[in-house]
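Below is the file protein_36.cif, which contains mmCIF, C-alpha atoms, pLDDT in the B column; chains and numbers go by the auth columns.
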data_input
loop_
_atom_site.group_PDB
_atom_site.id
_atom_site.type_symbol
_atom_site.label_atom_id
_atom_site.label_comp_id
_atom_site.label_asym_id
_atom_site.label_seq_id
_atom_site.Cartn_x
_atom_site.Cartn_y
_atom_site.Cartn_z
_atom_site.B_iso_or_equiv
_atom_site.auth_seq_id
_atom_site.auth_asym_id
ATOM 1 C CA MET A 1 -25.688 20.818 5.142 69.00 1 A
ATOM 2 C CA ILE A 2 -24.281 24.294 4.635 79.00 2 A
ATOM 3 C CA GLY A 3 -21.866 23.163 1.915 83.00 3 A
ATOM 4 C CA PRO A 4 -24.613 21.689 -0.248 83.00 4 A
ATOM 5 C CA MET A 5 -26.748 24.827 0.195 87.00 5 A
ATOM 6 C CA LEU A 6 -23.884 26.830 -1.287 86.00 6 A
ATOM 7 C CA SER A 7 -22.892 24.357 -3.992 88.00 7 A
ATOM 8 C CA GLY A 8 -24.987 25.969 -6.723 88.00 8 A
ATOM 9 C CA ARG A 9 -23.709 29.541 -6.328 90.00 9 A
ATOM 10 C CA SER A 10 -20.031 30.290 -5.778 90.00 10 A
ATOM 11 C CA ASP A 11 -20.805 34.011 -5.402 92.00 11 A
ATOM 12 C CA ILE A 12 -23.096 33.317 -2.423 91.00 12 A
ATOM 13 C CA ALA A 13 -20.402 31.116 -0.875 90.00 13 A
ATOM 14 C CA GLU A 14 -17.887 33.936 -1.394 94.00 14 A
ATOM 15 C CA CYS A 15 -20.298 36.470 0.141 93.00 15 A
ATOM 16 C CA ILE A 16 -20.742 34.317 3.263 91.00 16 A
ATOM 17 C CA ALA A 17 -16.968 33.795 3.522 91.00 17 A
ATOM 18 C CA GLU A 18 -16.260 37.492 2.988 93.00 18 A
ATOM 19 C CA ALA A 19 -18.754 38.369 5.750 90.00 19 A
ATOM 20 C CA GLY A 20 -16.864 35.975 8.025 90.00 20 A
ATOM 21 C CA MET A 21 -20.013 34.203 9.142 90.00 21 A
ATOM 22 C CA GLU A 22 -19.323 31.755 11.966 89.00 22 A
ATOM 23 C CA VAL A 23 -21.378 28.733 12.992 89.00 23 A
ATOM 24 C CA ALA A 24 -21.795 27.845 16.655 90.00 24 A
ATOM 25 C CA ILE A 25 -23.239 24.543 17.847 91.00 25 A
ATOM 26 C CA ILE A 26 -25.676 24.545 20.750 91.00 26 A
ATOM 27 C CA PRO A 27 -24.746 21.512 22.875 92.00 27 A
ATOM 28 C CA LYS A 28 -27.378 18.830 23.242 88.00 28 A
ATOM 29 C CA ASP A 29 -29.361 19.277 26.463 87.00 29 A
ATOM 30 C CA GLU A 30 -28.075 22.856 26.904 92.00 30 A
ATOM 31 C CA LYS A 31 -29.709 26.203 26.274 91.00 31 A
ATOM 32 C CA ILE A 32 -28.459 28.582 23.622 90.00 32 A
ATOM 33 C CA THR A 33 -27.390 30.970 26.386 90.00 33 A
ATOM 34 C CA VAL A 34 -24.579 28.569 27.332 92.00 34 A
ATOM 35 C CA LEU A 35 -22.791 29.931 24.246 91.00 35 A
ATOM 36 C CA PRO A 36 -20.889 33.090 25.262 89.00 36 A
ATOM 37 C CA GLU A 37 -22.085 34.940 22.151 85.00 37 A
ATOM 38 C CA TYR A 38 -25.706 34.395 23.187 86.00 38 A
ATOM 39 C CA SER A 39 -25.487 34.612 26.979 87.00 39 A
ATOM 40 C CA TYR A 40 -27.196 38.020 26.922 86.00 40 A
ATOM 41 C CA LEU A 41 -30.422 36.498 25.500 84.00 41 A
ATOM 42 C CA GLY A 42 -31.512 34.867 28.764 84.00 42 A
ATOM 43 C CA ASP A 43 -34.370 37.244 29.577 86.00 43 A
ATOM 44 C CA LEU A 44 -35.278 38.263 26.024 86.00 44 A
ATOM 45 C CA GLU A 45 -38.048 37.035 23.746 86.00 45 A
ATOM 46 C CA THR A 46 -38.329 36.553 19.990 82.00 46 A
ATOM 47 C CA HIS A 47 -40.645 38.635 17.798 80.00 47 A
ATOM 48 C CA ASP A 48 -43.375 36.032 18.362 80.00 48 A
ATOM 49 C CA GLY A 49 -43.003 35.881 22.156 85.00 49 A
ATOM 50 C CA ARG A 50 -40.877 32.756 22.615 84.00 50 A
ATOM 51 C CA SER A 51 -38.010 32.744 25.076 86.00 51 A
ATOM 52 C CA PHE A 52 -34.649 32.825 23.298 84.00 52 A
ATOM 53 C CA GLU A 53 -33.520 30.144 25.746 85.00 53 A
ATOM 54 C CA SER A 54 -36.000 27.734 24.131 83.00 54 A
ATOM 55 C CA LEU A 55 -34.513 28.155 20.646 83.00 55 A
ATOM 56 C CA ARG A 56 -32.377 25.482 19.006 83.00 56 A
ATOM 57 C CA GLY A 57 -31.068 27.837 16.350 85.00 57 A
ATOM 58 C CA VAL A 58 -30.625 31.527 15.618 87.00 58 A
ATOM 59 C CA ASN A 59 -28.898 33.807 13.119 84.00 59 A
ATOM 60 C CA THR A 60 -27.633 37.195 14.267 82.00 60 A
ATOM 61 C CA THR A 61 -25.060 39.861 13.745 77.00 61 A
ATOM 62 C CA ILE A 62 -23.387 40.808 17.016 72.00 62 A
ATOM 63 C CA GLY A 63 -20.885 43.634 17.051 70.00 63 A
ATOM 64 C CA GLY A 64 -20.258 43.213 13.329 73.00 64 A
ATOM 65 C CA LEU A 65 -19.826 39.425 13.649 77.00 65 A
ATOM 66 C CA ALA A 66 -22.224 37.350 11.533 86.00 66 A
ATOM 67 C CA LEU A 67 -23.076 34.308 13.638 86.00 67 A
ATOM 68 C CA MET A 68 -25.401 31.368 13.248 88.00 68 A
ATOM 69 C CA ALA A 69 -26.177 28.791 15.920 89.00 69 A
ATOM 70 C CA THR A 70 -27.712 25.388 15.320 88.00 70 A
ATOM 71 C CA ALA A 71 -28.439 22.426 17.574 87.00 71 A
ATOM 72 C CA GLU A 72 -26.055 19.514 18.069 87.00 72 A
ATOM 73 C CA GLU A 73 -28.931 17.028 18.259 82.00 73 A
ATOM 74 C CA GLN A 74 -30.151 18.116 14.867 76.00 74 A
ATOM 75 C CA LEU A 75 -26.736 17.863 13.279 77.00 75 A
ATOM 76 C CA LEU A 76 -26.437 14.345 14.714 77.00 76 A
ATOM 77 C CA GLY A 77 -29.958 13.352 13.679 71.00 77 A
ATOM 78 C CA LEU A 78 -31.221 12.707 17.185 71.00 78 A
ATOM 79 C CA LYS A 79 -34.883 12.967 18.158 61.00 79 A
ATOM 80 C CA MET A 80 -36.291 16.440 18.736 59.00 80 A
ATOM 81 C CA ASP A 81 -39.731 17.439 19.976 58.00 81 A
ATOM 82 C CA LEU A 82 -40.809 19.818 17.217 56.00 82 A
ATOM 83 C CA VAL A 83 -38.412 19.672 14.287 54.00 83 A
ATOM 84 C CA ARG A 84 -38.537 16.349 12.511 60.00 84 A
ATOM 85 C CA TYR A 85 -36.006 16.774 9.721 62.00 85 A
ATOM 86 C CA ILE A 86 -32.302 16.552 10.495 69.00 86 A
ATOM 87 C CA ALA A 87 -31.389 19.618 8.447 79.00 87 A
ATOM 88 C CA HIS A 88 -34.377 21.845 9.280 81.00 88 A
ATOM 89 C CA THR A 89 -32.879 24.291 11.803 84.00 89 A
ATOM 90 C CA THR A 90 -29.532 24.499 10.029 87.00 90 A
ATOM 91 C CA VAL A 91 -31.153 25.273 6.670 89.00 91 A
ATOM 92 C CA HIS A 92 -33.573 27.749 8.245 89.00 92 A
ATOM 93 C CA GLU A 93 -30.920 29.722 10.126 90.00 93 A
ATOM 94 C CA PHE A 94 -28.417 29.646 7.273 91.00 94 A
ATOM 95 C CA ALA A 95 -31.114 30.976 4.942 94.00 95 A
ATOM 96 C CA HIS A 96 -31.426 33.973 7.287 93.00 96 A
ATOM 97 C CA GLY A 97 -27.679 34.520 6.879 93.00 97 A
ATOM 98 C CA ILE A 98 -27.902 34.432 3.093 94.00 98 A
ATOM 99 C CA GLN A 99 -30.776 36.923 3.098 95.00 99 A
ATOM 100 C CA ASN A 100 -29.115 39.226 5.652 91.00 100 A
ATOM 101 C CA LEU A 101 -25.632 39.187 4.160 91.00 101 A
ATOM 102 C CA CYS A 102 -25.905 38.424 0.462 93.00 102 A
ATOM 103 C CA PHE A 103 -29.171 39.781 -0.892 95.00 103 A
ATOM 104 C CA THR A 104 -28.860 42.807 -3.132 95.00 104 A
ATOM 105 C CA ALA A 105 -31.319 45.707 -2.834 96.00 105 A
ATOM 106 C CA GLU A 106 -33.085 44.225 -5.860 97.00 106 A
ATOM 107 C CA ASP A 107 -33.297 40.796 -4.172 96.00 107 A
ATOM 108 C CA HIS A 108 -34.821 42.353 -1.047 97.00 108 A
ATOM 109 C CA SER A 109 -37.311 44.306 -3.139 98.00 109 A
ATOM 110 C CA GLU A 110 -38.369 41.238 -5.125 98.00 110 A
ATOM 111 C CA TRP A 111 -38.690 39.053 -2.011 98.00 111 A
ATOM 112 C CA ASN A 112 -40.634 41.751 -0.157 98.00 112 A
ATOM 113 C CA ALA A 113 -43.050 41.902 -3.098 98.00 113 A
ATOM 114 C CA PHE A 114 -43.631 38.121 -2.823 98.00 114 A
ATOM 115 C CA TYR A 115 -44.335 38.514 0.882 98.00 115 A
ATOM 116 C CA ASP A 116 -46.625 41.520 0.393 98.00 116 A
ATOM 117 C CA SER A 117 -48.566 39.637 -2.283 97.00 117 A
ATOM 118 C CA ALA A 118 -48.949 36.623 0.039 96.00 118 A
ATOM 119 C CA LEU A 119 -50.244 38.917 2.786 96.00 119 A
ATOM 120 C CA GLN A 120 -52.678 40.575 0.411 97.00 120 A
ATOM 121 C CA ASP A 121 -53.931 37.187 -0.819 96.00 121 A
ATOM 122 C CA ASN A 122 -54.202 35.953 2.794 95.00 122 A
ATOM 123 C CA LEU A 123 -52.002 32.940 2.054 91.00 123 A
ATOM 124 C CA TYR A 124 -51.048 30.783 5.024 90.00 124 A
ATOM 125 C CA PRO A 125 -52.848 32.985 7.595 90.00 125 A
ATOM 126 C CA GLU A 126 -51.653 32.888 11.197 87.00 126 A
ATOM 127 C CA THR A 127 -48.585 30.791 10.420 88.00 127 A
ATOM 128 C CA TYR A 128 -44.967 31.379 11.386 86.00 128 A
ATOM 129 C CA LEU A 129 -44.170 31.595 7.691 89.00 129 A
ATOM 130 C CA MET A 130 -46.087 34.872 7.517 93.00 130 A
ATOM 131 C CA SER A 131 -44.408 36.497 10.562 92.00 131 A
ATOM 132 C CA ASN A 132 -42.240 38.758 8.401 94.00 132 A
ATOM 133 C CA THR A 133 -40.180 38.720 5.192 96.00 133 A
ATOM 134 C CA ARG A 134 -37.229 37.051 6.953 94.00 134 A
ATOM 135 C CA GLU A 135 -39.287 34.093 8.170 93.00 135 A
ATOM 136 C CA PHE A 136 -41.057 33.953 4.803 95.00 136 A
ATOM 137 C CA PHE A 137 -37.673 33.414 3.143 96.00 137 A
ATOM 138 C CA ALA A 138 -36.271 31.003 5.748 93.00 138 A
ATOM 139 C CA VAL A 139 -39.393 28.823 5.812 92.00 139 A
ATOM 140 C CA PHE A 140 -39.681 28.752 2.021 94.00 140 A
ATOM 141 C CA SER A 141 -35.971 27.803 1.942 94.00 141 A
ATOM 142 C CA THR A 142 -36.591 24.808 4.206 91.00 142 A
ATOM 143 C CA ALA A 143 -39.432 23.763 1.913 91.00 143 A
ATOM 144 C CA TYR A 144 -37.203 24.245 -1.155 93.00 144 A
ATOM 145 C CA PHE A 145 -34.622 21.905 0.406 91.00 145 A
ATOM 146 C CA GLU A 146 -37.446 19.540 1.402 88.00 146 A
ATOM 147 C CA VAL A 147 -36.821 19.673 5.157 85.00 147 A
ATOM 148 C CA TYR A 148 -39.930 21.611 6.102 78.00 148 A
ATOM 149 C CA SER A 149 -42.265 20.266 8.772 66.00 149 A
ATOM 150 C CA TRP A 150 -44.748 22.921 9.949 66.00 150 A
ATOM 151 C CA ASP A 151 -47.686 25.043 8.837 61.00 151 A
ATOM 152 C CA SER A 152 -49.413 24.202 5.564 67.00 152 A
ATOM 153 C CA LEU A 153 -46.618 24.817 3.064 74.00 153 A
ATOM 154 C CA SER A 154 -45.630 21.872 0.896 76.00 154 A
ATOM 155 C CA ASN A 155 -42.381 19.993 1.524 75.00 155 A
ATOM 156 C CA SER A 156 -41.751 19.375 -2.171 83.00 156 A
ATOM 157 C CA ARG A 157 -39.897 21.447 -4.748 89.00 157 A
ATOM 158 C CA ASP A 158 -42.346 20.320 -7.399 90.00 158 A
ATOM 159 C CA GLN A 159 -45.287 21.514 -5.316 90.00 159 A
ATOM 160 C CA ILE A 160 -43.658 24.893 -4.634 92.00 160 A
ATOM 161 C CA GLU A 161 -42.991 25.246 -8.352 94.00 161 A
ATOM 162 C CA ASP A 162 -46.646 24.418 -9.101 94.00 162 A
ATOM 163 C CA ASP A 163 -48.157 26.601 -6.349 92.00 163 A
ATOM 164 C CA HIS A 164 -45.688 29.521 -6.375 95.00 164 A
ATOM 165 C CA PRO A 165 -43.711 29.513 -9.663 97.00 165 A
ATOM 166 C CA ALA A 166 -42.150 32.968 -9.192 97.00 166 A
ATOM 167 C CA ILE A 167 -41.029 32.141 -5.652 97.00 167 A
ATOM 168 C CA PHE A 168 -39.638 28.822 -6.843 96.00 168 A
ATOM 169 C CA GLU A 169 -37.709 30.569 -9.615 97.00 169 A
ATOM 170 C CA PHE A 170 -36.284 33.082 -7.126 97.00 170 A
ATOM 171 C CA LEU A 171 -35.209 30.328 -4.686 97.00 171 A
ATOM 172 C CA ASP A 172 -33.789 28.232 -7.509 96.00 172 A
ATOM 173 C CA GLU A 173 -31.680 31.194 -8.569 95.00 173 A
ATOM 174 C CA VAL A 174 -30.528 31.984 -5.012 95.00 174 A
ATOM 175 C CA TYR A 175 -29.531 28.368 -4.394 95.00 175 A
ATOM 176 C CA GLY A 176 -28.465 27.532 -7.948 94.00 176 A
ATOM 177 C CA GLY A 177 -30.553 24.361 -7.936 93.00 177 A
ATOM 178 C CA ALA A 178 -28.517 22.911 -5.044 92.00 178 A
ATOM 179 C CA GLU A 179 -29.911 19.891 -3.225 90.00 179 A
ATOM 180 C CA LEU A 180 -29.305 18.296 0.149 86.00 180 A
ATOM 181 C CA SER A 181 -28.277 14.691 0.539 81.00 181 A
ATOM 182 C CA PRO A 182 -30.992 12.137 1.292 81.00 182 A
ATOM 183 C CA GLU A 183 -29.377 11.713 4.728 77.00 183 A
ATOM 184 C CA SER A 184 -29.919 15.410 5.520 76.00 184 A
ATOM 185 C CA LYS A 185 -33.570 15.087 4.554 75.00 185 A
ATOM 186 C CA ARG A 186 -34.050 12.033 6.756 70.00 186 A
ATOM 187 C CA LEU A 187 -36.696 12.238 9.447 68.00 187 A
ATOM 188 C CA THR A 188 -35.401 12.009 12.994 61.00 188 A
ATOM 189 C CA PRO A 189 -36.508 8.993 15.061 56.00 189 A
ATOM 190 C CA GLN A 190 -40.043 9.356 16.356 48.00 190 A
#
Would you give me this structure, written as structure tokens?
Amino acid sequence: MIGPMLSGRSDIAECIAEAGMEVAIIPKDEKITVLPEYSYLGDLETHDGRSFESLRGVNTTIGGLALMATAEEQLLGLKMDLVRYIAHTTVHEFAHGIQNLCFTAEDHSEWNAFYDSALQDNLYPETYLMSNTREFFAVFSTAYFEVYSWDSLSNSRDQIEDDHPAIFEFLDEVYGGAELSPESKRLTPQ
């Protein structure tokens, strides 16, 4: 899933490689805190009040190390309670890495303007998408790759292009038009 996300932009792939970003896999039926890199998260909460132990993916920089974690059950396409698309968490967390590590100052400024405009227009009120500019990018990225499953945002590139042409153009440039395989976009068993 990560390879296809990078297939449209060799410079983004080089940026991620240069940053030395590592991917950790959260074992099925285990909490993220079983991973040594995330053991310190046990008593902490996310910006929206969820326990870190409940997460099935995260993207952080710890002591200069860029690290992403994603769930084994998602990579294997097994049933999950909330996330229905196989690639959802992986795409979401990797999008955070791209924004954190590879955006230029101009990219951040442009994306922040999209977010500020959405706030001003009261788009998608009280949704996770609108939590902050980071989630705005990660959630729109999952929709761009058609593995989105929450809130009221469309799960279609065509619909994003129709509803938010400037955002679509920005995402299309960031990802170079890359697409995921149909298998990655498959729904998990219900």
What's around segment 159-167 of chain A at 12 Å? Count all atoms listed in the file, leave out sequence neighbours fewer than 2 positions away in its own chain, and write the answer as a CSV table (one decimal) with C-alpha atoms, in the frame of the given file.
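The new file around.csv reads:
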chain,number,residue,atom,x,y,z
A,107,ASP,CA,-33.3,40.8,-4.2
A,110,GLU,CA,-38.4,41.2,-5.1
A,111,TRP,CA,-38.7,39.1,-2.0
A,112,ASN,CA,-40.6,41.8,-0.2
A,113,ALA,CA,-43.0,41.9,-3.1
A,114,PHE,CA,-43.6,38.1,-2.8
A,115,TYR,CA,-44.3,38.5,0.9
A,117,SER,CA,-48.6,39.6,-2.3
A,118,ALA,CA,-48.9,36.6,0.0
A,123,LEU,CA,-52.0,32.9,2.1
A,136,PHE,CA,-41.1,34.0,4.8
A,137,PHE,CA,-37.7,33.4,3.1
A,139,VAL,CA,-39.4,28.8,5.8
A,140,PHE,CA,-39.7,28.8,2.0
A,141,SER,CA,-36.0,27.8,1.9
A,142,THR,CA,-36.6,24.8,4.2
A,143,ALA,CA,-39.4,23.8,1.9
A,144,TYR,CA,-37.2,24.2,-1.2
A,145,PHE,CA,-34.6,21.9,0.4
A,146,GLU,CA,-37.4,19.5,1.4
A,148,TYR,CA,-39.9,21.6,6.1
A,152,SER,CA,-49.4,24.2,5.6
A,153,LEU,CA,-46.6,24.8,3.1
A,154,SER,CA,-45.6,21.9,0.9
A,155,ASN,CA,-42.4,20.0,1.5
A,156,SER,CA,-41.8,19.4,-2.2
A,157,ARG,CA,-39.9,21.4,-4.7
A,169,GLU,CA,-37.7,30.6,-9.6
A,170,PHE,CA,-36.3,33.1,-7.1
A,171,LEU,CA,-35.2,30.3,-4.7
A,172,ASP,CA,-33.8,28.2,-7.5
A,173,GLU,CA,-31.7,31.2,-8.6
A,174,VAL,CA,-30.5,32.0,-5.0
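Shortest separation to Glu22 of chain A among A:Met68, A:Ile2, A:Leu101, A:Ala95 occurs at residue A:Met68, atoms counted being all atoms listed in the file.
With atom CA of Gly57 of chain A on one side and atom CA of Thr104 of chain A on the other, the separation reads 24.7 Å.
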Could you work out how far atom CA of Glu126 of chain A lies from atom CA of His88 of chain A, giving the answer in Å with one decimal? 20.6 Å
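Rounded to one decimal, atom CA of Cys102 of chain A and atom CA of Thr127 of chain A lie 25.9 Å from each other.
Comparing A:Glu37, A:Arg56, A:Leu180, A:Tyr175 by their smallest distance to Ser10 of chain A, the closest is A:Tyr175 (using all atoms listed in the file).
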Run the PyMOL selection byres ((chain A and resi 62) around 12) on the file and write out the hits as a PyMOL selection string. chain A and resi 21-22+36-41+58-61+63-68
Step by step, work through what the PyMOL selection byres ((chain A and resi 6) around 10) selects in the shown file, and finish by giving those residues as a PDB file with C-alpha atoms, in the frame of the given file.
ATOM      1  CA  MET A   1     -25.688  20.818   5.142  1.00 69.00           C
ATOM      2  CA  ILE A   2     -24.281  24.294   4.635  1.00 79.00           C
ATOM      3  CA  GLY A   3     -21.866  23.163   1.915  1.00 83.00           C
ATOM      4  CA  PRO A   4     -24.613  21.689  -0.248  1.00 83.00           C
ATOM      5  CA  MET A   5     -26.748  24.827   0.195  1.00 87.00           C
ATOM      6  CA  SER A   7     -22.892  24.357  -3.992  1.00 88.00           C
ATOM      7  CA  GLY A   8     -24.987  25.969  -6.723  1.00 88.00           C
ATOM      8  CA  ARG A   9     -23.709  29.541  -6.328  1.00 90.00           C
ATOM      9  CA  SER A  10     -20.031  30.290  -5.778  1.00 90.00           C
ATOM     10  CA  ASP A  11     -20.805  34.011  -5.402  1.00 92.00           C
ATOM     11  CA  ILE A  12     -23.096  33.317  -2.423  1.00 91.00           C
ATOM     12  CA  ALA A  13     -20.402  31.116  -0.875  1.00 90.00           C
ATOM     13  CA  GLU A  14     -17.887  33.936  -1.394  1.00 94.00           C
ATOM     14  CA  ILE A  16     -20.742  34.317   3.263  1.00 91.00           C
ATOM     15  CA  ILE A  98     -27.902  34.432   3.093  1.00 94.00           C
ATOM     16  CA  VAL A 174     -30.528  31.984  -5.012  1.00 95.00           C
ATOM     17  CA  TYR A 175     -29.531  28.368  -4.394  1.00 95.00           C
ATOM     18  CA  GLY A 176     -28.465  27.532  -7.948  1.00 94.00           C
ATOM     19  CA  GLY A 177     -30.553  24.361  -7.936  1.00 93.00           C
ATOM     20  CA  ALA A 178     -28.517  22.911  -5.044  1.00 92.00           C
ATOM     21  CA  GLU A 179     -29.911  19.891  -3.225  1.00 90.00           C
TER      22      GLU A 179
END
Residues matched by the PyMOL selection byres ((chain A and resi 54) around 12), written as a list of chain:residue names: A:Ile26, A:Asp29, A:Glu30, A:Lys31, A:Ile32, A:Thr33, A:Val34, A:Leu41, A:Gly42, A:Asp43, A:Leu44, A:Glu45, A:Thr46, A:Gly49, A:Arg50, A:Ser51, A:Phe52, A:Glu53, A:Leu55, A:Arg56, A:Gly57, A:Val58, A:Ala71, A:Asp81, A:Leu82
For Arg134 of chain A, find every residue with an atom within 8 Å (counting only C-alpha atoms), except residues of its own chain fewer than 3 positions away, and show them as a PyMOL selection string. chain A and resi 96+99+137-138
Taking into account only C-alpha atoms, which residue in the set A:Ala87, A:Leu76, A:Met130, A:Ala69 is nearest to Pro182 of chain A?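 Ranked by minimum distance to Pro182 of chain A, first place goes to A:Ala87.
The closest residue to Asn132 of chain A, picked from A:Ala19, A:Thr89, A:Phe94, A:His47 and counting all atoms listed in the file, is A:His47.
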